[in-house]
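Coordinates from structure_16.cif are shown below (mmCIF, C-alpha atoms and all ligand atoms).
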data_start
loop_
_atom_site.label_atom_id
_atom_site.label_comp_id
_atom_site.auth_asym_id
_atom_site.auth_seq_id
_atom_site.Cartn_x
_atom_site.Cartn_y
_atom_site.Cartn_z
CA MET A 1 0.00 0.00 0.00
CA LYS A 2 1.37 3.41 -0.97
CA ILE A 3 1.08 6.25 1.50
CA ALA A 4 1.21 9.90 0.45
CA ILE A 5 2.01 12.74 2.84
CA ILE A 6 1.55 16.47 2.25
CA GLY A 7 3.86 18.71 4.28
CA ALA A 8 7.40 17.59 5.10
CA GLY A 9 7.75 19.60 8.33
CA SER A 10 8.26 18.17 11.82
CA MET A 11 5.15 16.01 11.63
CA GLY A 12 5.06 15.01 7.95
CA ARG A 13 8.66 13.76 7.86
CA GLY A 14 8.15 11.82 11.12
CA ILE A 15 4.97 10.20 9.78
CA ALA A 16 6.87 9.33 6.59
CA GLN A 17 9.54 7.63 8.72
CA VAL A 18 6.91 5.55 10.57
CA ALA A 19 5.09 4.50 7.38
CA ALA A 20 8.32 3.59 5.57
CA MET A 21 9.55 1.61 8.57
CA HIS A 22 6.36 -0.43 8.31
CA GLY A 23 7.03 -1.40 4.72
CA HIS A 24 5.10 1.24 2.80
CA GLU A 25 6.32 3.20 -0.16
CA VAL A 26 5.86 6.82 0.82
CA LEU A 27 5.43 9.89 -1.35
CA LEU A 28 6.38 12.95 0.70
CA PHE A 29 5.37 16.26 -0.86
CA ASP A 30 6.07 19.82 0.23
CA GLN A 31 5.61 23.07 -1.68
CA ASN A 32 8.86 24.34 -0.17
CA PRO A 33 11.99 22.67 -1.67
CA ASP A 34 14.00 23.51 1.48
CA ALA A 35 11.53 21.52 3.60
CA LEU A 36 12.12 18.51 1.34
CA THR A 37 15.89 18.82 1.70
CA GLN A 38 15.56 19.09 5.47
CA ALA A 39 13.21 16.08 5.53
CA ARG A 40 15.76 14.06 3.57
CA ASP A 41 18.53 15.03 6.01
CA PHE A 42 16.26 14.20 8.95
CA LEU A 43 15.39 10.77 7.57
CA LEU A 44 19.01 9.90 6.85
CA LYS A 45 20.09 11.04 10.30
CA ILE A 46 17.34 9.24 12.21
CA LEU A 47 17.68 5.98 10.26
CA ASN A 48 21.48 5.99 10.64
CA ARG A 49 21.07 6.65 14.35
CA LEU A 50 18.64 3.71 14.68
CA ALA A 51 21.13 1.52 12.81
CA ALA A 52 24.02 2.71 15.01
CA LYS A 53 21.99 1.78 18.08
CA GLY A 54 21.34 -1.65 16.61
CA LYS A 55 17.56 -1.14 16.43
CA ILE A 56 17.61 -1.78 12.69
CA SER A 57 20.31 -3.15 10.41
CA ASP A 58 22.30 -0.93 8.01
CA ALA A 59 20.57 -2.72 5.14
CA ASP A 60 17.17 -1.96 6.69
CA ALA A 61 18.08 1.71 7.06
CA LYS A 62 18.98 1.86 3.37
CA GLU A 63 15.81 0.08 2.31
CA ILE A 64 13.57 2.24 4.48
CA PHE A 65 15.18 5.39 3.14
CA GLY A 66 14.78 4.06 -0.38
CA ARG A 67 11.05 3.67 0.15
CA VAL A 68 10.53 7.41 0.73
CA TYR A 69 10.15 9.47 -2.42
CA LEU A 70 10.53 13.21 -1.90
CA VAL A 71 8.32 14.83 -4.52
CA ASP A 72 7.60 18.38 -5.63
CA THR A 73 4.19 17.63 -7.10
CA MET A 74 1.12 15.70 -5.94
CA SER A 75 0.57 14.10 -9.35
CA GLY A 76 1.86 10.70 -8.20
CA PHE A 77 -0.69 10.63 -5.37
CA ALA A 78 -3.13 8.83 -7.69
CA GLN A 79 -1.55 5.53 -6.61
CA ALA A 80 -1.84 6.17 -2.87
CA SER A 81 -4.41 4.36 -0.74
CA LEU A 82 -4.02 6.82 2.13
CA VAL A 83 -3.04 10.48 2.02
CA ILE A 84 -2.07 12.22 5.26
CA GLU A 85 -2.02 16.00 5.27
CA ALA A 86 0.43 17.65 7.71
CA ILE A 87 0.69 21.24 6.46
CA ILE A 88 0.25 24.56 8.21
CA GLU A 89 -2.63 24.73 10.75
CA ASN A 90 -4.94 26.94 8.67
CA LEU A 91 -8.48 25.88 7.78
CA ASP A 92 -8.76 27.70 4.44
CA ILE A 93 -5.41 26.39 3.21
CA LYS A 94 -6.20 22.84 4.35
CA LYS A 95 -9.59 23.00 2.62
CA SER A 96 -8.07 24.11 -0.66
CA VAL A 97 -5.49 21.32 -0.46
CA PHE A 98 -8.23 18.71 0.14
CA LYS A 99 -10.22 20.09 -2.80
CA GLU A 100 -7.17 19.79 -5.03
CA LEU A 101 -6.43 16.29 -3.70
CA GLU A 102 -9.83 15.05 -4.80
CA THR A 103 -8.99 15.99 -8.40
CA ILE A 104 -5.93 13.72 -8.24
CA VAL A 105 -6.76 10.61 -6.20
CA PRO A 106 -9.29 7.85 -6.98
CA ARG A 107 -12.63 7.70 -5.21
CA GLU A 108 -11.57 5.09 -2.63
CA THR A 109 -8.41 6.82 -1.32
CA ILE A 110 -8.65 7.73 2.36
CA LEU A 111 -7.89 11.41 2.98
CA ALA A 112 -6.60 12.19 6.46
CA THR A 113 -5.60 15.34 8.29
CA ASN A 114 -3.11 15.57 11.14
CA THR A 115 -4.74 18.75 12.45
CA SER A 116 -4.39 19.37 16.20
CA SER A 117 -7.08 21.95 16.63
CA LEU A 118 -9.24 22.41 13.55
CA SER A 119 -12.59 20.78 12.90
CA VAL A 120 -12.15 17.63 10.80
CA SER A 121 -15.79 18.01 9.71
CA ALA A 122 -15.03 21.52 8.37
CA ILE A 123 -12.08 20.16 6.37
CA ALA A 124 -14.20 17.25 5.09
CA ALA A 125 -16.88 19.71 3.96
CA ALA A 126 -14.48 20.96 1.27
CA CYS A 127 -14.66 17.53 -0.43
CA ASP A 128 -17.17 16.02 -2.85
CA PHE A 129 -16.82 12.71 -0.98
CA PRO A 130 -16.46 13.80 2.66
CA GLU A 131 -17.19 10.30 3.98
CA ARG A 132 -13.56 9.30 3.19
CA VAL A 133 -12.07 12.16 5.23
CA ILE A 134 -10.78 11.48 8.76
CA GLY A 135 -8.42 12.89 11.39
CA ILE A 136 -5.24 10.96 12.23
CA HIS A 137 -3.60 12.93 15.00
CA PHE A 138 0.00 11.92 15.65
CA PHE A 139 2.04 13.32 18.52
CA ASN A 140 5.46 14.89 18.20
CA PRO A 141 7.81 13.22 17.35
CA PRO A 142 5.70 10.65 15.45
CA GLY A 143 8.54 8.12 15.41
CA LEU A 144 8.67 8.00 19.21
CA MET A 145 5.19 8.81 20.46
CA LYS A 146 2.99 5.72 20.59
CA LEU A 147 -0.40 7.40 20.71
CA VAL A 148 -2.49 8.35 17.70
CA GLU A 149 -5.96 9.88 18.04
CA ILE A 150 -8.32 8.76 15.29
CA THR A 151 -10.97 11.44 14.87
CA PRO A 152 -13.76 10.76 12.41
CA ALA A 153 -15.64 13.79 11.10
CA ILE A 154 -19.41 13.68 11.37
CA GLN A 155 -19.40 12.83 7.64
CA THR A 156 -16.87 9.96 7.92
CA SER A 157 -18.19 6.50 7.12
CA PRO A 158 -17.68 3.87 9.86
CA ASN A 159 -15.91 1.68 7.31
CA ILE A 160 -13.27 4.37 6.71
CA THR A 161 -12.76 4.71 10.48
CA GLN A 162 -12.20 0.95 10.80
CA GLN A 163 -9.81 0.82 7.82
CA THR A 164 -7.83 3.78 9.14
CA LYS A 165 -7.57 2.35 12.64
CA LYS A 166 -6.36 -0.95 11.19
CA ILE A 167 -3.61 0.74 9.16
CA ILE A 168 -2.34 2.87 12.05
CA ASP A 169 -2.51 -0.08 14.49
CA SER A 170 -0.36 -2.04 12.04
CA TRP A 171 2.28 0.72 12.39
CA GLY A 172 2.73 -0.30 16.03
CA LYS A 173 0.77 2.67 17.33
CA ILE A 174 -1.81 2.78 20.11
CA THR A 175 -4.94 4.23 18.59
CA VAL A 176 -7.78 5.86 20.47
CA LEU A 177 -11.04 7.04 19.00
CA ALA A 178 -12.02 10.65 19.72
CA LYS A 179 -15.04 12.71 18.80
CA ASP A 180 -14.36 15.64 16.47
CA THR A 181 -14.40 18.20 19.29
CA PRO A 182 -11.82 20.90 20.18
CA GLY A 183 -8.52 19.44 21.39
CA PHE A 184 -9.82 15.87 20.86
CA ILE A 185 -8.75 13.97 24.02
CA VAL A 186 -5.19 14.92 24.95
CA ASN A 187 -5.16 18.61 24.10
CA ARG A 188 -8.42 19.06 25.97
CA VAL A 189 -7.89 16.93 29.07
CA ALA A 190 -4.31 18.19 29.59
CA ARG A 191 -5.27 21.88 29.69
CA PRO A 192 -5.43 22.17 33.52
CA PHE A 193 -1.90 20.76 33.83
CA TYR A 194 -0.75 24.09 32.40
CA GLY A 195 -3.73 26.34 33.18
CA GLU A 196 -4.09 25.54 36.88
CA ALA A 197 -0.32 25.67 37.39
CA LEU A 198 -0.31 29.14 35.82
CA ARG A 199 -3.25 30.15 37.99
CA ILE A 200 -1.38 29.05 41.14
CA LEU A 201 1.62 31.06 39.95
CA ASP A 202 -0.46 34.11 39.03
CA GLU A 203 -2.14 34.12 42.44
CA GLY A 204 1.27 34.08 44.09
CA ILE A 205 0.65 30.80 45.91
CA ALA A 206 3.96 29.34 44.71
CA ASP A 207 6.70 29.99 42.15
CA VAL A 208 7.44 27.90 39.06
CA ALA A 209 10.16 25.79 40.66
CA THR A 210 7.92 24.93 43.62
CA ILE A 211 4.97 23.98 41.41
CA ASP A 212 7.19 21.81 39.18
CA HIS A 213 8.72 20.20 42.27
CA ALA A 214 5.24 19.39 43.64
CA MET A 215 4.02 17.75 40.44
CA LYS A 216 7.17 15.66 40.08
CA THR A 217 7.74 14.56 43.64
CA VAL A 218 4.18 14.18 44.92
CA GLY A 219 2.50 13.42 41.58
CA GLY A 220 5.22 11.39 39.88
CA PHE A 221 4.99 13.40 36.63
CA ARG A 222 8.16 13.21 34.56
CA MET A 223 8.24 16.96 34.02
CA GLY A 224 6.62 19.81 35.88
CA PRO A 225 4.12 22.04 34.04
CA PHE A 226 6.58 24.91 33.57
CA GLU A 227 9.40 22.66 32.42
CA LEU A 228 6.97 21.11 29.97
CA MET A 229 5.67 24.48 28.71
CA ASP A 230 9.27 25.58 28.15
CA TYR A 231 9.90 22.33 26.30
CA ILE A 232 6.80 22.62 24.09
CA GLY A 233 7.36 26.35 23.54
CA ASN A 234 5.32 29.05 25.22
CA ASP A 235 4.13 30.34 21.85
CA ILE A 236 2.79 26.92 20.81
CA ASN A 237 1.32 26.04 24.22
CA TYR A 238 -0.34 29.46 24.51
CA THR A 239 -1.85 29.16 21.03
CA VAL A 240 -3.29 25.70 21.76
CA THR A 241 -4.86 27.02 24.99
CA GLU A 242 -6.29 30.08 23.26
CA THR A 243 -7.64 27.96 20.39
CA VAL A 244 -9.32 25.50 22.76
CA PHE A 245 -10.69 28.39 24.88
CA ASN A 246 -12.25 30.09 21.84
CA ALA A 247 -13.47 26.82 20.35
CA PHE A 248 -15.35 26.15 23.62
CA TYR A 249 -17.12 29.52 23.36
CA GLN A 250 -14.74 30.98 25.96
CA ASP A 251 -15.50 28.51 28.69
CA PRO A 252 -13.54 29.90 31.70
CA ARG A 253 -12.15 26.41 32.38
CA TYR A 254 -9.72 26.95 29.50
CA LYS A 255 -8.97 30.63 30.05
CA PRO A 256 -5.39 31.43 28.99
CA SER A 257 -2.97 33.22 31.34
CA PHE A 258 -1.53 36.68 30.71
CA THR A 259 1.74 35.45 32.16
CA GLN A 260 2.16 32.96 29.35
CA LYS A 261 0.93 35.43 26.74
CA ARG A 262 3.53 37.98 27.83
CA LEU A 263 6.29 35.35 27.77
CA ALA A 264 5.33 34.41 24.22
CA GLU A 265 5.15 38.09 23.19
CA ALA A 266 8.54 38.78 24.72
CA GLY A 267 10.09 35.88 22.82
CA TYR A 268 10.71 33.95 26.03
CA LEU A 269 9.59 30.79 24.28
CA GLY A 270 11.40 28.28 26.47
CA ARG A 271 14.21 25.92 25.54
CA LYS A 272 14.23 26.87 21.87
CA SER A 273 14.92 30.57 22.67
CA GLY A 274 17.18 29.90 25.65
CA LYS A 275 14.78 31.49 28.10
CA GLY A 276 11.24 30.86 29.28
CA TYR A 277 10.10 30.23 32.81
CA TYR A 278 13.67 29.02 33.32
CA ASN A 279 16.99 30.08 31.83
CA TYR A 280 18.78 27.62 29.59
CA GLY A 281 22.05 29.41 28.91
CA GLU A 282 25.35 28.02 30.10
CA ASN A 283 25.84 28.52 33.84
CA ALA A 284 22.24 29.76 34.08
CA GLU A 285 20.96 30.15 37.60
CA ASN A 286 17.44 28.99 38.27
CA PRO A 287 15.27 29.28 41.39
CA THR A 288 15.23 26.43 43.86
CA PRO A 289 11.86 25.08 44.97
CA ASP A 290 10.26 25.53 48.36
CA LYS A 291 10.14 21.89 49.49
CA ASP A 292 7.45 22.35 52.15
CA SER A 293 5.55 19.07 51.95
CA GLN A 294 2.15 20.53 52.86
CA LEU A 295 2.44 23.17 50.13
CA ALA A 296 3.58 20.55 47.59
CA LYS A 297 0.63 18.33 48.43
CA ALA A 298 -1.86 21.20 48.14
CA ILE A 299 -0.48 22.25 44.74
CA PHE A 300 -0.50 18.70 43.41
CA GLN A 301 -4.04 17.99 44.63
CA ARG A 302 -5.42 21.18 43.14
CA ILE A 303 -3.94 20.53 39.69
CA LEU A 304 -4.80 16.83 39.79
CA VAL A 305 -8.44 17.34 40.71
CA MET A 306 -8.82 19.84 37.87
CA LEU A 307 -7.33 17.25 35.49
CA ILE A 308 -9.68 14.58 36.84
CA ASN A 309 -12.63 16.94 36.37
CA GLU A 310 -11.61 17.51 32.76
CA ALA A 311 -11.22 13.78 32.08
CA ALA A 312 -14.59 13.04 33.70
CA ASP A 313 -16.22 15.80 31.66
CA ALA A 314 -14.72 14.46 28.43
CA LEU A 315 -16.34 11.13 29.31
CA PHE A 316 -19.61 12.87 30.26
CA TRP A 317 -19.71 14.52 26.80
CA GLN A 318 -18.78 11.21 25.14
CA VAL A 319 -15.62 12.53 23.57
CA ALA A 320 -14.10 9.05 24.04
CA SER A 321 -14.50 5.86 26.04
CA LYS A 322 -13.06 5.78 29.58
CA GLU A 323 -10.44 3.25 28.45
CA ASP A 324 -9.34 5.50 25.59
CA ILE A 325 -9.18 8.57 27.87
CA GLU A 326 -6.81 6.64 30.16
CA LEU A 327 -4.70 5.40 27.24
CA ALA A 328 -4.55 8.87 25.72
CA MET A 329 -3.17 10.51 28.85
CA THR A 330 -0.74 7.75 29.81
CA LYS A 331 0.60 7.10 26.29
CA GLY A 332 0.15 10.54 24.68
CA VAL A 333 1.57 12.71 27.47
CA ASN A 334 3.11 10.03 29.72
CA TYR A 335 1.01 10.71 32.82
CA PRO A 336 2.05 8.32 35.58
CA LYS A 337 -1.51 7.05 36.01
CA GLY A 338 -4.80 7.36 34.14
CA LEU A 339 -6.83 10.25 35.57
CA LEU A 340 -10.00 8.20 36.04
CA HIS A 341 -8.08 5.46 37.87
CA TRP A 342 -6.60 8.25 39.99
CA ALA A 343 -10.12 9.46 40.77
CA ASP A 344 -11.11 5.94 41.90
CA ASP A 345 -8.03 5.83 44.16
CA ILE A 346 -8.64 9.23 45.76
CA GLY A 347 -12.39 8.64 46.04
CA ILE A 348 -15.00 10.29 43.84
CA ASP A 349 -16.58 12.03 46.83
CA THR A 350 -13.20 13.52 47.78
CA CYS A 351 -12.79 14.82 44.22
CA VAL A 352 -16.23 16.43 44.35
CA LYS A 353 -15.48 18.01 47.73
CA MET A 354 -12.14 19.40 46.50
CA LEU A 355 -13.79 20.91 43.44
CA ASP A 356 -16.65 22.33 45.49
CA ASN A 357 -14.11 23.90 47.87
CA LEU A 358 -12.41 25.62 44.95
CA TYR A 359 -15.79 26.76 43.67
CA ASP A 360 -16.75 28.10 47.10
CA THR A 361 -13.48 30.00 47.30
CA TYR A 362 -13.65 31.65 43.87
CA HIS A 363 -17.28 31.47 42.73
CA GLU A 364 -15.97 31.01 39.21
CA ASP A 365 -17.49 28.69 36.63
CA ARG A 366 -13.95 27.44 35.97
CA TYR A 367 -14.25 25.32 39.11
CA ARG A 368 -17.64 23.73 38.43
CA CYS A 369 -17.67 20.03 39.10
CA SER A 370 -18.49 17.73 36.17
CA PRO A 371 -22.07 16.43 36.40
CA LEU A 372 -20.66 12.93 35.95
CA LEU A 373 -18.51 13.12 39.10
CA ARG A 374 -21.44 14.51 41.06
CA GLN A 375 -23.72 11.74 39.83
CA MET A 376 -21.13 9.08 40.64
CA ALA A 377 -20.69 10.49 44.15
CA ARG A 378 -24.46 10.32 44.63
CA GLU A 379 -24.66 6.77 43.35
CA GLN A 380 -21.38 5.75 45.04
CA THR A 381 -19.95 4.22 41.87
CA TRP A 382 -16.43 3.95 40.41
CA PHE A 383 -14.95 4.46 36.99
CA PHE A 384 -13.21 1.09 36.92
CA ARG A 385 -14.15 -0.87 40.02
CA GLU A 386 -17.15 -3.13 40.37
CA GLY A 387 -20.03 -2.52 42.76
CA VAL A 388 -20.66 0.48 44.99
CA TRP A 389 -18.34 1.99 47.62
CA VAL A 390 -17.93 0.08 50.85
N1 LIG A 401 4.25 20.11 15.79
C1 LIG A 401 3.47 19.40 16.60
O1 LIG A 401 3.77 19.17 17.78
C2 LIG A 401 2.17 18.83 16.09
C3 LIG A 401 1.59 17.74 16.75
C4 LIG A 401 0.43 17.17 16.23
C5 LIG A 401 -0.16 17.71 15.12
N2 LIG A 401 0.40 18.80 14.49
C6 LIG A 401 -0.27 19.32 13.29
O2 LIG A 401 0.45 18.85 12.14
C7 LIG A 401 0.39 19.81 11.09
C8 LIG A 401 1.81 20.18 10.66
O3 LIG A 401 2.51 20.66 11.78
P1 LIG A 401 4.11 20.77 11.79
O4 LIG A 401 4.50 21.07 13.18
O5 LIG A 401 4.70 19.59 11.08
O6 LIG A 401 4.32 22.07 10.89
P2 LIG A 401 5.65 22.55 10.15
O7 LIG A 401 5.54 24.03 10.04
O8 LIG A 401 6.87 21.96 10.78
O9 LIG A 401 5.51 21.91 8.69
C9 LIG A 401 4.50 22.24 7.79
C10 LIG A 401 5.02 22.00 6.37
O10 LIG A 401 3.93 22.13 5.48
C11 LIG A 401 4.40 22.80 4.32
N3 LIG A 401 3.24 23.40 3.64
C12 LIG A 401 2.51 24.44 4.06
N4 LIG A 401 1.49 24.67 3.21
C13 LIG A 401 1.58 23.72 2.24
C14 LIG A 401 0.82 23.41 1.11
N5 LIG A 401 -0.25 24.14 0.77
N6 LIG A 401 1.19 22.36 0.34
C15 LIG A 401 2.29 21.63 0.67
N7 LIG A 401 3.05 21.88 1.74
C16 LIG A 401 2.70 22.91 2.52
C17 LIG A 401 5.42 23.78 4.81
O11 LIG A 401 6.32 24.14 3.78
C18 LIG A 401 6.08 23.01 5.95
O12 LIG A 401 7.22 22.32 5.49
C19 LIG A 401 -0.44 20.97 11.63
O13 LIG A 401 -1.77 20.79 11.26
C20 LIG A 401 -0.28 20.82 13.14
O14 LIG A 401 -1.36 21.37 13.84
C21 LIG A 401 1.57 19.35 14.94
#
Just give me the structure as structure tokens.
Amino acid sequence: MKIAIIGAGSMGRGIAQVAAMHGHEVLLFDQNPDALTQARDFLLKILNRLAAKGKISDADAKEIFGRVYLVDTMSGFAQASLVIEAIIENLDIKKSVFKELETIVPRETILATNTSSLSVSAIAAACDFPERVIGIHFFNPPGLMKLVEITPAIQTSPNITQQTKKIIDSWGKITVLAKDTPGFIVNRVARPFYGEALRILDEGIADVATIDHAMKTVGGFRMGPFELMDYIGNDINYTVTETVFNAFYQDPRYKPSFTQKRLAEAGYLGRKSGKGYYNYGENAENPTPDKDSQLAKAIFQRILVMLINEAADALFWQVASKEDIELAMTKGVNYPKGLLHWADDIGIDTCVKMLDNLYDTYHEDRYRCSPLLRQMAREQTWFFREGVWV
């Protein structure tokens, strides 16, 4: 099966690597010749590195590289069974590309978008045969990250969803099915990890080092929220938050922080610019955390309960199954435990009480408890355990 990819940037070239490593011939197209050159260099480097580490043989590396065709036109896409678009995140441009694609590929070719934040249904609407359009959302870098969110548009036929899932599963990925809603699973459920940490900072409850320390030592997260925002880039992370906030009709749960906006505006983007919440220059001095255990516990519990609320609400609105929500957060962003399992461990009634305390303190809609958690507390049920509480 031939796979075609549009856009040879960070995502497109990584997806090309994955497809080629799973035996497909890949056509990788970009309108910018420099992007194609960089993609070629990337593929050579990554495949040689894998060979040097003994993960693949030298002969494999050569063969895999030989299966990727870097092309400056989409004309060859007629032979592809699946096309994955990974170009700039702009609805109008994506729509025009999908329209053009339909003039090239046969009727049965699956057309997928790797969009993170746009409506798959809106992209599909540009097509004459929207039932073959679907979202395949890889995480960065696609070669390393196991999770892929499969997001059918409302027009997508169930058969296309099944076929797509089967292909991506065969690439060794863990696929989860998500409703075509803003942020799908991961980019929605993870928002409080950043947003509530920023809120704690903005209120002056603790500084960045203390909040990161709390989430790592008490929560077992691999990185603290500020380390992670610096890693992702404050410009990118801010834009995702703002996009999700606006897509949810400015629900205060997703309200962005001025602190992050100012950092992005100032060019303090994080690791890539050498400065963000932390300094990354040589001999840079960074603040040391306050290691007060009570403070650390309070910070962790506040962020965690907001994450649990978000996960429960995603389930309430049927964005995904509870199993897929757990998989998404543990495999997509490496959370140490699924949020709904965490809720079972803490106790649903405790979660509700913690959220109600926050609501009582602030009287802000941001802290409203998900109806699902409240119902479960009333009925004394669990997300994953059998029977009622004892
Ligand atoms: N970077 C991430 O972490 C990430 C994660 C998941 C999904 N995504 C999504 O993947 C898509 C691509 O993101 P990226 O980070 O790889 O972007 P990128 O800027 O690294 O690459 C985009 C590439 O698309 C090319 N391009 C733009 N318009 C084109 C067109 N009309 N025809 C052909 N090529 C075109 C550009 O030349 C560029 O090389 C976006 O929709 C983004 O939201 C990104």
Which residues of chain A have any atom within 7 Å of an atom in ligand LIG 401 (chain A) when counting all atoms listed in the file, and what is the closest pair of atoms for each, with the distance in Å to one decimal? Order the rows by chain and rising number and write it as JSON lines.
{"residue": "A:Ile6", "atom": "CA", "partner": "A:LIG401", "partner_atom": "C15", "distance": 5.4}
{"residue": "A:Gly7", "atom": "CA", "partner": "A:LIG401", "partner_atom": "O10", "distance": 3.6}
{"residue": "A:Ala8", "atom": "CA", "partner": "A:LIG401", "partner_atom": "O12", "distance": 4.7}
{"residue": "A:Gly9", "atom": "CA", "partner": "A:LIG401", "partner_atom": "O9", "distance": 3.2}
{"residue": "A:Ser10", "atom": "CA", "partner": "A:LIG401", "partner_atom": "O5", "distance": 3.9}
{"residue": "A:Met11", "atom": "CA", "partner": "A:LIG401", "partner_atom": "O5", "distance": 3.6}
{"residue": "A:Gly12", "atom": "CA", "partner": "A:LIG401", "partner_atom": "O5", "distance": 5.6}
{"residue": "A:Phe29", "atom": "CA", "partner": "A:LIG401", "partner_atom": "C15", "distance": 6.4}
{"residue": "A:Asp30", "atom": "CA", "partner": "A:LIG401", "partner_atom": "N7", "distance": 4.0}
{"residue": "A:Gln31", "atom": "CA", "partner": "A:LIG401", "partner_atom": "C15", "distance": 4.3}
{"residue": "A:Asn32", "atom": "CA", "partner": "A:LIG401", "partner_atom": "O11", "distance": 4.7}
{"residue": "A:Ala35", "atom": "CA", "partner": "A:LIG401", "partner_atom": "O12", "distance": 4.8}
{"residue": "A:Ala86", "atom": "CA", "partner": "A:LIG401", "partner_atom": "C7", "distance": 4.0}
{"residue": "A:Ile87", "atom": "CA", "partner": "A:LIG401", "partner_atom": "O10", "distance": 3.5}
{"residue": "A:Ile88", "atom": "CA", "partner": "A:LIG401", "partner_atom": "C12", "distance": 4.7}
{"residue": "A:Glu89", "atom": "CA", "partner": "A:LIG401", "partner_atom": "O13", "distance": 4.1}
{"residue": "A:Ile93", "atom": "CA", "partner": "A:LIG401", "partner_atom": "N5", "distance": 6.1}
{"residue": "A:Val97", "atom": "CA", "partner": "A:LIG401", "partner_atom": "N5", "distance": 6.1}
{"residue": "A:Asn114", "atom": "CA", "partner": "A:LIG401", "partner_atom": "O2", "distance": 4.9}
{"residue": "A:Thr115", "atom": "CA", "partner": "A:LIG401", "partner_atom": "O13", "distance": 3.8}
{"residue": "A:Ser116", "atom": "CA", "partner": "A:LIG401", "partner_atom": "O14", "distance": 4.3}
{"residue": "A:Ser117", "atom": "CA", "partner": "A:LIG401", "partner_atom": "O14", "distance": 6.4}
{"residue": "A:His137", "atom": "CA", "partner": "A:LIG401", "partner_atom": "C5", "distance": 5.9}
{"residue": "A:Phe138", "atom": "CA", "partner": "A:LIG401", "partner_atom": "C4", "distance": 5.3}
{"residue": "A:Phe139", "atom": "CA", "partner": "A:LIG401", "partner_atom": "C4", "distance": 4.8}
{"residue": "A:Asn140", "atom": "CA", "partner": "A:LIG401", "partner_atom": "O1", "distance": 4.6}
Checklist entry - Got a sec: who's within 8 Å of A:Ile136, counting all atoms listed in the file, leaving out chain neighbours fewer than 3 positions off, as an NGL selection string? => result :A and (84 or 112-115 or 148-151)
Excluding A:Ile308 and its own-chain neighbours fewer than 5 positions away, which residues fall within 7 Å of it when counting all atoms listed in the file? Please give them as a compact mmCIF listing (two decimals) with C-alpha atoms, keeping the file's coordinate frame.
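File produced: part.txt:
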# COMPACT_ATOMS: atom_id res chain seq x y z
CA LEU A 339 -6.83 10.25 35.57
CA LEU A 340 -10.00 8.20 36.04
CA ALA A 343 -10.12 9.46 40.77
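Going from atom CA of A:Cys369 to atom CA of A:Val388 covers 20.6 Å.
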Extract, using all atoms listed in the file, all DNA, RNA and protein residues at most 7 Å from stretch 188-197 of chain A, discarding same-chain residues fewer than 5 positions from it, and format them as a PDB file with C-alpha atoms, in the frame of the given file.
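So the final result, stored in out-v5.pdb, reads:
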ATOM      1  CA  PRO A 182     -11.820  20.900  20.180  1.00  0.00           C
ATOM      2  CA  GLY A 183      -8.520  19.440  21.390  1.00  0.00           C
ATOM      3  CA  ILE A 211       4.970  23.980  41.410  1.00  0.00           C
ATOM      4  CA  PRO A 225       4.120  22.040  34.040  1.00  0.00           C
ATOM      5  CA  THR A 241      -4.860  27.020  24.990  1.00  0.00           C
ATOM      6  CA  TYR A 254      -9.720  26.950  29.500  1.00  0.00           C
ATOM      7  CA  PRO A 256      -5.390  31.430  28.990  1.00  0.00           C
ATOM      8  CA  ILE A 303      -3.940  20.530  39.690  1.00  0.00           C
ATOM      9  CA  MET A 306      -8.820  19.840  37.870  1.00  0.00           C
ATOM     10  CA  LEU A 307      -7.330  17.250  35.490  1.00  0.00           C
ATOM     11  CA  GLU A 310     -11.610  17.510  32.760  1.00  0.00           C
ATOM     12  CA  ALA A 311     -11.220  13.780  32.080  1.00  0.00           C
TER      13      ALA A 311
END
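Here atom CA of A:Ala19 and atom CA of A:Gly172 stand 10.2 Å from one another.
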